[in-house]
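Report on one structure; see the data block that follows.
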Amino acid sequence: MSDRDLDQIIDDVLDGVAPPAESVWLKERMDRDPAIRTRYGERAVLFKALTPGEMVAPPPDLVSSVMSEIRGSSPAQHSASPTWWSSLLGSLTRRPALGLGYAFGAGAAIGVLAMVALTPRSGSAPSTPLPVNGTMVPPTGPNWILEDHARLAAGPGQGEVRLQRNGAMLIVEIESASRTSSRWTLEFDPASIRIMGIDWTRGPDGAFHSGSGRLELDAGAASLTRVRLESVREGDAELRLSLQVGDAVGVGTLRTSSHTRASP
Amino acid sequence: MTDSDESVLVTRSLAGDERAFAELVEIHQRVLFNLALRIVGDHEDARDLAQTVFVKAYRNLASFDRGRRFFSWIYRITINESLSFVSRRRPQEPLNEVMRAPGRSPEEQWEQEELGTMVRHAVMQLTTEYRDVIVARHFLNLSHREIGDLLSVPEKTVKSRLHTARQRLGGILCRNGITSA
């Protein structure tokens, strides 16, 4: 029996999932062989260290706190961040009596907001969200397919990028192994792909800057960032990647395969 | 509560039925609060995180993949939020209420708190696939089958990942002087 097999049995016994016969077998072996008993003892220390105790009751006001925060809003309203136009309309319709009085201001606001809407967006989530932000849907499960992946290196920085697909939904996972913050850039054909959201999955929230067919992310050290994209038309598409750390730059490419959209 | 019952609650929540979402919060608050507590080590922070998680889930419910279990989704959000919180927190903040228990001497208390911090830090050094199984098995006491359901992987894979995860964890803790080789 290999050490790994023995460790597996010890794990199973300590974990309470070993069949009775295996537990008896291990006990007999430990009685005969002090080395195995020591091995068992060491593993038991690890299990003990991992046992944090009984579950505790949640705070009694947790449900009411959650509900008071979401009261009066429908989840459907949050499926996408409001556009500048819907925000403006919303603010006017909520204050109908002030509608005329706001007319001049609204005209000016439209001008300003239109400029904002036509300007590339930047910020750090969640203050200036992309159309859909913070969904945090992990690309796991039978519907997700790993389509492509690439490793990039730039000077002292490095990281891995994985492209996963579920129908028209794409998730690019950027796992930075750099010890410092790094800039990642994704470029693509905006007629094929659009950005749906960013999720700073691990590490502090970074900053982003998005323009047509381009997304720049400033990600923290040893971070994991998920970028949610959508294929807006059938056919192959390409994502060009670059990683910049200081003056060093590494580049790579990810390709998505053709797919059939379930709905237009 | 079956998956289909949960699916009905999600549908009703999406239609604006707040009582339905309150039911989902009721069902999952204990496990998710404890999950956050195990990771961040402080009751107040865990409370804030659990609240944030439920509010985020509600606001993003329309993007929830209905083909998956609601618990899997919100569990992942909790892990992400908690890990993100830990990585933002100043390293000198010693927060280990999870390990506190009445009847322990101050020295024992301190040792337990230190151990809790070191174990959590070691768990955070694992890659996602290994961290997930350790957190689910040891922090939440889920069975192998439940973990398989949660992560959409066969039980056999759960067992194998747990074993590898423990080997790696043992290595990290050994290097930090917590366990012997």
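Simple scheme: letters A, B, ... for chains in structure tokens order, numbers from 1 for residues in each chain, numbers from 1 for ligands in the order shown.
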
Compile a residue-level contact table for chain B against chain A at a cut-off of 6 Å, reporting for every qualifying residue the shortest atom pair and its distance in Å to one decimal, with only C-alpha atoms counted, rows ordered by chain and ascending number, as a Markdown table.
| residue | atom | partner | partner_atom | distance |
| --- | --- | --- | --- | --- |
| B:Leu14 | CA | A:Pro75 | CA | 5.7 |
| B:Gly16 | CA | A:Ser74 | CA | 5.0 |
| B:Arg30 | CA | A:Pro58 | CA | 5.3 |
| B:Phe33 | CA | A:Pro58 | CA | 6.0 |
| B:Gln51 | CA | A:Val66 | CA | 5.6 |
| B:Tyr58 | CA | A:Pro75 | CA | 5.6 |
| B:Arg59 | CA | A:Pro75 | CA | 4.8 |
| B:Asn60 | CA | A:Thr135 | CA | 5.7 |
| B:Leu61 | CA | A:Pro75 | CA | 5.8 |
| B:Ala62 | CA | A:Ser79 | CA | 5.3 |
| B:Asn80 | CA | A:Thr201 | CA | 5.5 |
| B:Ser84 | CA | A:Gly203 | CA | 5.2 |
| B:Ser87 | CA | A:Gly203 | CA | 5.5 |
| B:Arg88 | CA | A:Pro204 | CA | 5.7 |
| B:Ser152 | CA | A:Gly141 | CA | 5.3 |

Write out, as a CSV table (one decimal), in the first residue's frame, the residues just selected, with N, CA and C atoms.
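Generated output (out-v6.csv):
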chain,number,residue,atom,x,y,z
B,14,LEU,N,-38.8,37.2,-7.8
B,14,LEU,CA,-38.6,38.0,-9.1
B,14,LEU,C,-39.8,38.7,-9.5
B,16,GLY,N,-41.6,40.2,-7.4
B,16,GLY,CA,-41.8,41.3,-6.5
B,16,GLY,C,-42.4,40.9,-5.2
B,30,ARG,N,-28.7,30.9,8.5
B,30,ARG,CA,-27.9,30.2,9.5
B,30,ARG,C,-26.6,29.7,8.9
B,33,PHE,N,-24.5,32.8,7.4
B,33,PHE,CA,-23.9,33.6,8.5
B,33,PHE,C,-22.7,32.9,9.1
B,51,GLN,N,-25.7,40.2,5.5
B,51,GLN,CA,-26.7,41.1,5.0
B,51,GLN,C,-26.4,41.6,3.6
B,58,TYR,N,-30.5,39.5,-4.0
B,58,TYR,CA,-31.8,40.0,-4.4
B,58,TYR,C,-31.7,40.9,-5.6
B,59,ARG,N,-30.8,41.8,-5.5
B,59,ARG,CA,-30.6,42.8,-6.6
B,59,ARG,C,-30.2,42.1,-7.9
B,60,ASN,N,-29.5,41.0,-7.8
B,60,ASN,CA,-29.0,40.3,-9.0
B,60,ASN,C,-29.8,39.0,-9.3
B,61,LEU,N,-31.0,38.9,-8.7
B,61,LEU,CA,-31.7,37.7,-8.8
B,61,LEU,C,-32.1,37.4,-10.3
B,62,ALA,N,-32.3,38.4,-11.0
B,62,ALA,CA,-32.7,38.3,-12.4
B,62,ALA,C,-31.6,37.6,-13.2
B,80,ASN,N,-17.1,34.6,-1.9
B,80,ASN,CA,-16.4,35.7,-2.5
B,80,ASN,C,-16.4,37.0,-1.7
B,84,SER,N,-13.1,38.5,0.0
B,84,SER,CA,-12.7,39.9,-0.4
B,84,SER,C,-12.6,40.8,0.8
B,87,SER,N,-9.3,40.0,2.6
B,87,SER,CA,-8.1,40.5,1.9
B,87,SER,C,-8.1,42.0,2.0
B,88,ARG,N,-9.2,42.7,2.3
B,88,ARG,CA,-9.2,44.2,2.4
B,88,ARG,C,-8.8,44.5,3.9
B,152,SER,N,-21.5,20.9,-8.0
B,152,SER,CA,-21.8,20.2,-9.3
B,152,SER,C,-20.6,19.3,-9.7

Exercise for the section: Find the residues near A:Glu160: any atom within 9 Å, counting only C-alpha atoms, skip ones fewer than 6 places away on the same chain, and give them as a PyMOL selection string. Expected result: chain A and resi 149-153+173-177

Handout entry: Shell around B:Glu129 at 12 Å using only C-alpha atoms, local window under 5 positions removed, as JSON, numbers by chain
Key = {"A": [138, 140], "B": [76, 123, 124, 134, 135, 136, 147, 148, 151, 152, 153, 157, 158, 160, 161, 162, 164, 165]}

Handout entry: Atomic separation - atom CA of B:His28 relative to atom CA of B:Val8, Å
Key =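 Interatomic distance, atom CA of B:Val8 to atom CA of B:His28: 15.4 Å.
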
Exercise for the section: Quick one: everything within 10 Å of B:Ile79, counting only C-alpha atoms, minus sequence neighbours fewer than 4 positions away in the same chain. Send it as a PyMOL selection string. Expected result: (chain A and resi 201-202) or (chain B and resi 32+35-36+39+49+53+74-75+83-85+131-132+135)
